[in-house]
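Asks: Following this line is input03.txt, made up of compact mmCIF, C-alpha atoms:
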```
# COMPACT_ATOMS: atom_id res chain seq x y z
CA MET A 25 0.00 0.00 0.00
CA LEU A 26 2.78 2.40 0.95
CA ARG A 27 4.89 1.42 -2.06
CA ARG A 28 2.07 2.12 -4.49
CA LYS A 29 1.47 5.56 -2.94
CA ARG A 30 5.12 6.49 -3.38
CA TRP A 31 5.13 5.30 -6.98
CA LEU A 32 2.07 7.39 -7.68
CA ARG A 33 3.59 10.51 -6.16
CA GLU A 34 6.77 10.07 -8.18
CA ALA A 35 4.80 9.55 -11.38
CA VAL A 36 2.81 12.70 -10.75
CA SER A 37 5.90 14.80 -10.08
CA TRP A 38 7.55 13.44 -13.22
CA ALA A 39 4.44 14.29 -15.23
CA VAL A 40 4.48 17.86 -13.91
CA ILE A 41 8.19 18.22 -14.64
CA VAL A 42 7.80 16.95 -18.18
CA ALA A 43 4.80 19.21 -18.78
CA VAL A 44 6.54 22.35 -17.50
CA ALA A 45 9.76 21.57 -19.34
CA GLY A 46 7.82 20.92 -22.52
CA PHE A 47 5.96 24.20 -22.15
CA LEU A 48 9.18 26.14 -21.66
CA LEU A 49 11.19 24.41 -24.37
CA PHE A 50 8.40 24.44 -26.93
CA PRO A 51 9.38 27.81 -28.47
CA PHE A 52 12.89 26.54 -29.14
CA LEU A 53 11.53 23.44 -30.81
CA TRP A 54 9.22 25.56 -32.94
CA MET A 55 12.05 27.90 -33.91
CA ALA A 56 14.35 25.04 -34.83
CA ILE A 57 11.74 23.32 -36.97
CA THR A 58 10.62 26.52 -38.68
CA SER A 59 14.16 27.54 -39.53
CA LEU A 60 14.76 24.22 -41.26
CA LYS A 61 11.56 24.11 -43.29
CA THR A 62 11.37 25.20 -46.89
CA ASN A 63 9.42 28.35 -47.63
CA ARG A 64 7.00 26.33 -49.71
CA GLU A 65 6.06 24.21 -46.74
CA LEU A 66 5.94 27.19 -44.37
CA TYR A 67 3.34 28.95 -46.46
CA ASP A 68 1.42 25.78 -47.20
CA LEU A 69 -1.79 25.98 -45.19
CA SER A 70 -2.33 22.25 -45.19
CA ALA A 71 1.10 21.37 -43.77
CA ALA A 72 1.56 20.16 -40.18
CA PRO A 73 3.34 22.82 -38.07
CA LEU A 74 5.72 20.57 -36.20
CA LEU A 75 6.71 18.15 -38.93
CA ILE A 76 9.08 18.69 -41.81
CA ARG A 77 7.64 16.81 -44.74
CA GLN A 78 9.12 18.46 -47.77
CA GLY A 79 12.78 18.37 -46.97
CA ILE A 80 15.18 20.12 -44.65
CA THR A 81 16.78 23.25 -46.03
CA VAL A 82 19.55 25.56 -44.91
CA GLU A 83 18.43 28.41 -47.15
CA HIS A 84 17.19 30.47 -44.19
CA PHE A 85 20.53 30.27 -42.43
CA GLU A 86 22.16 31.16 -45.72
CA LEU A 87 19.91 34.20 -46.13
CA LEU A 88 20.70 35.21 -42.59
CA LEU A 89 24.43 34.93 -42.95
CA ARG A 90 24.91 36.16 -46.51
CA ARG A 91 22.17 38.66 -47.29
CA THR A 92 21.81 40.41 -43.91
CA SER A 93 24.39 41.91 -41.58
CA PHE A 94 23.79 39.21 -39.01
CA LEU A 95 27.44 38.77 -38.11
CA THR A 96 27.84 42.53 -37.68
CA TRP A 97 24.85 42.59 -35.35
CA LEU A 98 26.28 39.64 -33.44
CA ARG A 99 29.55 41.47 -33.00
CA ASN A 100 27.76 44.62 -31.83
CA SER A 101 25.66 42.68 -29.35
CA PHE A 102 28.71 40.97 -27.92
CA LEU A 103 30.60 44.25 -27.60
CA VAL A 104 27.77 46.10 -25.92
CA SER A 105 26.84 43.25 -23.57
CA LEU A 106 30.42 42.54 -22.51
CA VAL A 107 31.29 46.15 -21.81
CA THR A 108 28.00 46.72 -20.01
CA THR A 109 28.62 43.66 -17.86
CA ILE A 110 32.10 44.86 -16.95
CA ILE A 111 30.81 48.33 -16.09
CA THR A 112 28.03 46.80 -14.00
CA LEU A 113 30.38 44.56 -12.05
CA VAL A 114 32.90 47.32 -11.41
CA THR A 115 30.15 49.68 -10.24
CA SER A 116 27.81 47.45 -8.28
CA LEU A 117 30.29 45.43 -6.22
CA PRO A 118 31.94 48.41 -4.49
CA GLY A 119 28.54 50.07 -4.24
CA ALA A 120 26.98 47.07 -2.55
CA TYR A 121 29.99 46.76 -0.26
CA ALA A 122 29.68 50.42 0.72
CA ILE A 123 25.98 50.15 1.43
CA THR A 124 26.29 47.09 3.62
CA ARG A 125 29.62 47.42 5.33
CA MET A 126 30.48 51.06 5.77
CA THR A 127 28.65 53.47 8.01
CA PHE A 128 27.89 56.92 6.73
CA PRO A 129 24.88 59.22 7.06
CA GLY A 130 22.06 58.31 4.71
CA GLN A 131 23.25 54.76 4.22
CA GLU A 132 19.91 53.02 4.48
CA ALA A 133 18.21 55.69 2.43
CA LEU A 134 20.82 55.15 -0.27
CA GLY A 135 20.11 51.44 -0.35
CA LEU A 136 16.42 52.13 -0.72
CA ALA A 137 17.10 54.74 -3.40
CA VAL A 138 19.13 52.23 -5.39
CA PHE A 139 16.25 49.78 -5.31
CA LEU A 140 13.75 52.45 -6.30
CA ALA A 141 15.98 53.42 -9.22
CA TYR A 142 15.47 49.94 -10.55
CA LEU A 143 11.73 50.38 -10.43
CA VAL A 144 11.87 53.26 -12.90
CA PRO A 145 11.68 51.36 -16.16
CA PRO A 146 13.55 52.12 -19.38
CA THR A 147 10.25 52.76 -21.10
CA LEU A 148 9.82 55.83 -18.94
CA LEU A 149 13.29 57.14 -19.51
CA PHE A 150 13.91 56.52 -23.16
CA VAL A 151 12.42 59.79 -24.43
CA PRO A 152 14.56 62.16 -22.33
CA LEU A 153 17.56 59.88 -22.79
CA ALA A 154 17.09 60.14 -26.54
CA GLN A 155 17.41 63.90 -26.21
CA VAL A 156 20.49 63.61 -23.98
CA VAL A 157 22.14 61.14 -26.33
CA ALA A 158 21.38 63.31 -29.33
CA SER A 159 22.74 66.43 -27.66
CA LEU A 160 25.94 64.55 -26.81
CA GLY A 161 26.29 63.60 -30.45
CA LEU A 162 26.19 59.90 -29.66
CA MET A 163 23.16 58.96 -31.72
CA ASP A 164 23.77 55.99 -34.03
CA THR A 165 26.88 54.86 -32.13
CA LEU A 166 27.44 51.92 -29.83
CA TRP A 167 28.56 54.33 -27.11
CA ALA A 168 24.97 55.44 -26.71
CA LEU A 169 24.07 51.89 -25.79
CA ILE A 170 27.12 51.21 -23.66
CA LEU A 171 26.50 54.31 -21.58
CA THR A 172 22.75 53.82 -21.14
CA TYR A 173 22.49 50.09 -20.55
CA PRO A 174 24.09 50.31 -17.08
CA THR A 175 21.16 52.47 -15.97
CA PHE A 176 19.02 49.39 -15.67
CA THR A 177 21.62 46.76 -14.85
CA VAL A 178 23.49 48.55 -12.05
CA PRO A 179 20.57 49.23 -9.63
CA PHE A 180 19.34 45.68 -9.58
CA SER A 181 22.88 44.28 -9.42
CA THR A 182 23.72 46.55 -6.50
CA TRP A 183 20.58 45.52 -4.69
CA LEU A 184 21.22 41.83 -5.36
CA LEU A 185 24.84 42.02 -4.26
CA SER A 186 24.03 44.02 -1.13
CA GLY A 187 21.47 41.39 -0.15
CA TYR A 188 24.12 38.77 -0.74
CA LEU A 189 26.85 40.60 1.14
CA LYS A 190 24.59 41.09 4.15
CA GLY A 191 24.64 37.33 4.56
CA ILE A 192 28.43 37.23 4.76
CA PRO A 193 29.64 37.76 8.35
CA ARG A 194 31.76 40.82 8.99
CA GLU A 195 34.27 38.74 10.94
CA LEU A 196 35.75 37.45 7.71
CA GLU A 197 37.13 40.74 6.50
CA GLU A 198 37.68 42.08 10.02
CA SER A 199 40.06 39.23 10.70
CA ALA A 200 41.86 40.04 7.47
CA MET A 201 42.10 43.70 8.43
CA VAL A 202 43.35 42.83 11.90
CA ASP A 203 46.15 40.95 10.18
CA GLY A 204 47.10 44.15 8.39
CA ALA A 205 45.21 44.17 5.09
CA THR A 206 43.66 47.38 3.84
CA ARG A 207 39.92 47.43 3.29
CA LEU A 208 40.35 47.16 -0.46
CA ARG A 209 42.62 44.16 -0.13
CA ALA A 210 40.24 42.55 2.30
CA LEU A 211 37.44 43.07 -0.19
CA LEU A 212 39.36 41.56 -3.06
CA THR A 213 40.97 38.61 -1.34
CA VAL A 214 38.47 37.61 1.34
CA VAL A 215 34.99 38.81 0.43
CA LEU A 216 35.11 38.33 -3.32
CA PRO A 217 35.73 34.56 -3.29
CA VAL A 218 32.97 34.04 -0.76
CA ALA A 219 30.62 36.26 -2.75
CA ALA A 220 31.49 34.55 -6.04
CA PRO A 221 27.99 33.07 -6.58
CA GLY A 222 26.43 36.51 -6.22
CA VAL A 223 28.99 38.03 -8.56
CA VAL A 224 28.35 35.33 -11.15
CA THR A 225 24.61 35.96 -10.82
CA VAL A 226 25.18 39.64 -11.48
CA LEU A 227 27.35 38.79 -14.46
CA LEU A 228 24.74 36.52 -16.00
CA PHE A 229 21.93 38.91 -15.25
CA ALA A 230 23.67 41.95 -16.74
CA PHE A 231 24.74 40.05 -19.84
CA THR A 232 21.34 38.55 -20.49
CA LEU A 233 19.49 41.78 -19.90
CA SER A 234 21.69 43.81 -22.22
CA TRP A 235 21.74 41.04 -24.84
CA GLY A 236 17.98 41.03 -25.15
CA HIS A 237 17.26 44.69 -24.53
CA MET A 238 15.46 46.43 -27.31
CA ILE A 239 13.98 49.81 -26.52
CA TYR A 240 17.19 51.82 -26.07
CA ALA A 241 18.74 50.05 -29.03
CA LEU A 242 15.71 50.79 -31.17
CA ALA A 243 15.56 54.41 -30.08
CA PHE A 244 19.22 55.35 -30.33
CA VAL A 245 20.68 53.34 -33.20
CA SER A 246 19.27 53.24 -36.70
CA ARG A 247 22.25 52.53 -38.94
CA SER A 248 22.38 48.92 -39.93
CA THR A 249 26.08 48.51 -39.17
CA TRP A 250 25.60 49.57 -35.58
CA LYS A 251 22.43 47.69 -34.75
CA VAL A 252 22.29 45.02 -32.08
CA LEU A 253 20.79 41.60 -32.66
CA PRO A 254 17.16 42.03 -31.53
CA VAL A 255 16.75 45.33 -33.36
CA GLY A 256 18.48 44.08 -36.49
CA LEU A 257 16.36 40.94 -36.70
CA LEU A 258 13.17 42.87 -36.13
CA THR A 259 13.72 45.78 -38.46
CA GLU A 260 15.45 44.08 -41.35
CA LEU A 261 13.77 40.73 -41.51
CA VAL A 262 10.29 42.19 -41.27
CA ARG A 263 10.02 44.28 -44.40
CA GLY A 264 6.72 46.08 -44.45
CA ASP A 265 4.29 43.30 -43.80
CA VAL A 266 6.40 40.49 -45.22
CA PHE A 267 7.86 38.38 -42.44
CA TYR A 268 10.82 36.26 -43.44
CA TRP A 269 9.81 33.62 -40.95
CA GLY A 270 12.51 31.07 -41.66
CA ALA A 271 15.32 33.60 -41.35
CA LEU A 272 13.66 35.21 -38.32
CA MET A 273 13.51 31.90 -36.50
CA ALA A 274 17.06 31.06 -37.52
CA GLY A 275 18.25 34.44 -36.25
CA ALA A 276 16.32 34.14 -33.00
CA LEU A 277 17.73 30.67 -32.39
CA ALA A 278 21.24 31.82 -33.21
CA SER A 279 20.97 34.79 -30.86
CA ALA A 280 19.79 32.56 -28.04
CA LEU A 281 22.84 30.34 -28.33
CA PRO A 282 25.52 32.58 -26.75
CA VAL A 283 23.35 33.25 -23.72
CA LEU A 284 22.62 29.53 -23.45
CA ALA A 285 26.32 28.72 -23.60
CA LEU A 286 27.08 31.30 -20.91
CA TYR A 287 24.38 29.95 -18.62
CA SER A 288 25.48 26.36 -18.98
CA LEU A 289 29.00 27.40 -18.07
CA PHE A 290 27.93 29.14 -14.89
CA THR A 291 24.81 27.28 -13.91
CA ARG A 292 25.91 25.91 -10.55
CA TYR A 293 27.00 29.34 -9.32
CA PHE A 294 23.79 30.86 -10.62
CA VAL A 295 21.48 28.68 -8.55
CA ALA A 296 23.45 29.25 -5.38
CA GLY A 297 23.51 33.00 -5.96
CA LEU A 298 19.80 33.37 -6.60
CA THR A 299 18.59 31.83 -3.37
CA ALA A 300 21.28 33.30 -1.14
CA GLY A 301 20.60 36.96 -1.92
CA ALA A 302 16.84 36.75 -2.06
CA THR A 303 15.94 36.58 1.62
CA LYS A 304 17.59 39.74 2.85
CA PHE A 305 16.11 43.02 1.85
CA MET B 13 5.95 35.09 6.40
CA LEU B 14 5.76 34.69 2.69
CA ARG B 15 4.11 38.05 2.32
CA PRO B 16 7.20 40.26 1.76
CA VAL B 17 8.62 38.03 -0.95
CA LEU B 18 5.22 37.60 -2.54
CA SER B 19 4.51 41.31 -2.59
CA LEU B 20 7.97 41.96 -4.03
CA VAL B 21 7.24 39.54 -6.85
CA VAL B 22 3.85 41.14 -7.45
CA LEU B 23 5.38 44.62 -7.55
CA TYR B 24 8.07 43.51 -9.94
CA SER B 25 5.54 41.84 -12.21
CA VAL B 26 3.25 44.87 -12.21
CA VAL B 27 6.12 47.21 -13.03
CA MET B 28 7.44 44.99 -15.77
CA THR B 29 4.02 44.61 -17.35
CA VAL B 30 3.02 48.27 -17.24
CA ALA B 31 6.37 49.17 -18.72
CA ASP B 32 6.53 46.35 -21.23
CA PHE B 33 7.70 47.36 -24.66
CA GLU B 34 9.47 44.61 -26.56
CA ILE B 35 6.76 41.99 -26.78
CA ILE B 36 4.06 44.40 -27.86
CA TYR B 37 6.25 46.20 -30.34
CA ILE B 38 7.36 42.96 -31.96
CA LEU B 39 3.93 41.40 -32.13
CA THR B 40 1.74 44.26 -33.25
CA ARG B 41 3.77 47.53 -33.20
CA GLY B 42 0.84 49.06 -31.37
CA GLY B 43 -1.68 47.13 -33.28
CA PRO B 44 -4.11 47.65 -36.05
CA LEU B 45 -5.43 51.19 -35.76
CA ASN B 46 -3.44 51.86 -32.58
CA ARG B 47 -5.54 49.47 -30.57
CA THR B 48 -2.89 47.46 -28.74
CA HIS B 49 -0.75 50.35 -27.54
CA LEU B 50 0.64 50.57 -24.05
CA PHE B 51 2.26 53.68 -22.62
CA ALA B 52 5.66 52.69 -23.83
CA THR B 53 4.79 51.82 -27.41
CA TYR B 54 2.58 54.86 -27.80
CA ALA B 55 5.30 57.11 -26.39
CA PHE B 56 7.73 55.54 -28.85
CA GLN B 57 5.40 56.11 -31.77
CA VAL B 58 4.52 59.69 -30.88
CA GLY B 59 7.87 60.77 -29.48
CA LEU B 60 10.43 59.16 -31.72
CA GLU B 61 8.69 58.11 -34.89
CA GLY B 62 6.36 61.10 -34.88
CA THR B 63 9.12 63.45 -33.62
CA LEU B 64 6.87 65.13 -31.04
CA ILE B 65 9.35 64.48 -28.25
CA GLY B 66 7.60 66.58 -25.62
CA ARG B 67 4.33 64.77 -26.09
CA GLY B 68 6.09 61.42 -26.10
CA ALA B 69 7.78 62.27 -22.83
CA ALA B 70 4.43 63.27 -21.33
CA ILE B 71 2.91 59.96 -22.35
CA ALA B 72 5.80 58.02 -20.88
CA LEU B 73 5.59 60.02 -17.67
CA PHE B 74 2.12 58.62 -17.04
CA ILE B 75 3.79 55.39 -15.99
CA PHE B 76 5.30 57.14 -13.00
CA PRO B 77 2.18 57.53 -10.78
CA VAL B 78 1.34 53.87 -11.31
CA LEU B 79 4.85 52.93 -10.25
CA ALA B 80 4.85 55.30 -7.28
CA VAL B 81 1.59 53.97 -5.88
CA ALA B 82 2.54 50.34 -6.43
CA SER B 83 5.98 50.72 -4.87
CA TYR B 84 4.63 52.67 -1.89
CA PHE B 85 2.15 49.96 -1.00
CA THR B 86 4.64 47.19 -1.58
CA LEU B 87 7.31 48.82 0.55
CA ARG B 88 4.77 49.27 3.31
CA ILE B 89 3.96 45.58 3.21
CA ILE B 90 7.63 44.67 3.20
CA ARG B 91 8.37 47.00 6.12
CA ARG B 92 5.59 45.46 8.11
CA GLY B 93 6.82 41.99 7.24
CA GLU B 94 10.31 42.86 8.45
CA GLU B 95 9.01 43.59 11.93
CA TYR B 96 8.33 39.91 12.30
CA ALA B 97 11.56 38.75 10.65
```
Step by step, read the file and then write its structure as structure tokens.
Replies:
Amino acid sequence: MLRRKRWLREAVSWAVIVAVAGFLLFPFLWMAITSLKTNRELYDLSAAPLLIRQGITVEHFELLLRRTSFLTWLRNSFLVSLVTTIITLVTSLPGAYAITRMTFPGQEALGLAVFLAYLVPPTLLFVPLAQVVASLGLMDTLWALILTYPTFTVPFSTWLLSGYLKGIPRELEESAMVDGATRLRALLTVVLPVAAPGVVTVLLFAFTLSWGHMIYALAFVSRSTWKVLPVGLLTELVRGDVFYWGALMAGALASALPVLALYSLFTRYFVAGLTAGATKF
Amino acid sequence: MLRPVLSLVVLYSVVMTVADFEIIYILTRGGPLNRTHLFATYAFQVGLEGTLIGRGAAIALFIFPVLAVASYFTLRIIRRGEEYA
């Protein structure tokens, strides 16, 4: 009686896992299948959506690579995301350290202000930022993106890291400072290794967010050679009302791959970092 | 006990939905006859594509009261939850 109950519970949990995983992975499956179908079968109303019956083709990938500036967009996306991630790390780690470890007037208010800055979304700020960027002469350059992306990655990263650092006991760096290290050295050699999961979380978060961000990129950059991936795919593969579905799906799949690779490299740190920083506010 | 985390998630979801831009722009660009516009997409259309920047900024600024109210109530709930923690 007990054995059958346990079997049933396991079967139910497996069914739920398979259902949820299927639901989440379904878009990727759809994208992969669509990008390999011929155009004839894609526009055929009587064809089954998830089966390839009339032959696998690489013409969409060819269109993507040869007739659009896909590789240029890929390079731009990488540049912008990497530099934004570096800026975010360099800014948010000392900031989080200052908010949690040092005492100065207005410390708690500053922490709250950082969190509230995250709540102001890019969609509110893009109009005045467009004016600022234009007046600085940075329209249509990657610098416009590199300088504006940190506005939404740094607040959340600082908040995340400060929550994480609050869970690290002060005794660690105090013992290092008693032994003669300066505060900076204590931060780099003692706190940073212990806070590595949080730092990796910030890295992944900043990279992913800037990789997929669209509104600033759409508003500030309009030359094809300086576009980032999401904007390029949207504006150049949707011409008027003609959607180049095969190439769109191929491009979307290809732009998901770098983020996927990054996540699979850092996945064990990511899980540890998420749960550790979440309970302290 | 779950209330602070839950209200944080709700606040975040509300903010992200009110301020959503990418999904709507990609799917309908504001929709047939401007019917599926949110603040963000409408501000984009009026401010940047229609070059009336002042009006676009005013439209985008409407998001702010929604955010302010939502964050005030959420922070109150979180503060109250911290008294128990």
Asks: Would you kindly report the residues of chain A within 7 Å of chain B, using all atoms listed in the file, as a list in words?
Replies: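 Per the criterion, chain A yields Leu143, Pro145, Thr147, Leu148, Val151, Pro152, Met238 and Ile239 of chain A.
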Asks: Could you tell me how far atom CA of A:Val252 sits from atom CA of A:Ala56, in Å to one decimal place?
Replies: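 Here the two named atoms are 21.7 Å from each other.
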Asks: Between atom CA of A:Gly79 and atom CA of A:Arg263, what is the distance, to one decimal in Å?
Replies: 26.2 Å
Asks: If I take atom CA of A:Thr177 and atom CA of A:Thr206, how far is one from the other in Å, to one decimal?
Replies: 28.9 Å
Asks: Please provide the set of residues having any atom within 10 Å of stretch 269-280 of chain A, restricted to only C-alpha atoms, with same-chain residues fewer than 4 positions apart removed, written as a short mmCIF file (atom, residue, chain, number, x, y, z; two decimals) with C-alpha atoms, in the coordinates of the input.
Replies:
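Final file, part_4.cif:
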```cif
data_model
loop_
_atom_site.label_atom_id
_atom_site.label_comp_id
_atom_site.auth_asym_id
_atom_site.auth_seq_id
_atom_site.Cartn_x
_atom_site.Cartn_y
_atom_site.Cartn_z
CA PRO A 51 9.38 27.81 -28.47
CA PHE A 52 12.89 26.54 -29.14
CA LEU A 53 11.53 23.44 -30.81
CA TRP A 54 9.22 25.56 -32.94
CA MET A 55 12.05 27.90 -33.91
CA ALA A 56 14.35 25.04 -34.83
CA ILE A 57 11.74 23.32 -36.97
CA THR A 58 10.62 26.52 -38.68
CA SER A 59 14.16 27.54 -39.53
CA LEU A 60 14.76 24.22 -41.26
CA LYS A 61 11.56 24.11 -43.29
CA THR A 62 11.37 25.20 -46.89
CA ASN A 63 9.42 28.35 -47.63
CA LEU A 66 5.94 27.19 -44.37
CA TYR A 67 3.34 28.95 -46.46
CA THR A 81 16.78 23.25 -46.03
CA VAL A 82 19.55 25.56 -44.91
CA GLU A 83 18.43 28.41 -47.15
CA HIS A 84 17.19 30.47 -44.19
CA PHE A 85 20.53 30.27 -42.43
CA GLU A 86 22.16 31.16 -45.72
CA LEU A 87 19.91 34.20 -46.13
CA LEU A 88 20.70 35.21 -42.59
CA LEU A 89 24.43 34.93 -42.95
CA THR A 92 21.81 40.41 -43.91
CA PHE A 94 23.79 39.21 -39.01
CA TRP A 97 24.85 42.59 -35.35
CA LEU A 98 26.28 39.64 -33.44
CA SER A 101 25.66 42.68 -29.35
CA THR A 232 21.34 38.55 -20.49
CA TRP A 235 21.74 41.04 -24.84
CA GLY A 236 17.98 41.03 -25.15
CA LEU A 253 20.79 41.60 -32.66
CA PRO A 254 17.16 42.03 -31.53
CA GLY A 256 18.48 44.08 -36.49
CA LEU A 257 16.36 40.94 -36.70
CA LEU A 258 13.17 42.87 -36.13
CA GLU A 260 15.45 44.08 -41.35
CA LEU A 261 13.77 40.73 -41.51
CA VAL A 262 10.29 42.19 -41.27
CA LEU A 284 22.62 29.53 -23.45
CA ALA A 285 26.32 28.72 -23.60
#
```
Asks: With 8 Å added on each side, what axis-aligned box encloses every listed atom of stretch 98-113 of chain A? Give the centre and edge lengths in Å to one decimal, as JSON.
Replies:
```
{"center_x": 28.9, "center_y": 44.0, "center_z": -22.7, "size_x": 22.4, "size_y": 24.7, "size_z": 37.4}
```
Asks: For A:Ala137, list every protein, DNA or RNA residue within 12 Å, evaluated using all atoms listed in the file, and leave out those in the same chain fewer than 3 positions away; present the list as a PyMOL selection string.
Replies: (chain A and resi 123+130-134+140-144+179-180+182-183) or (chain B and resi 83)
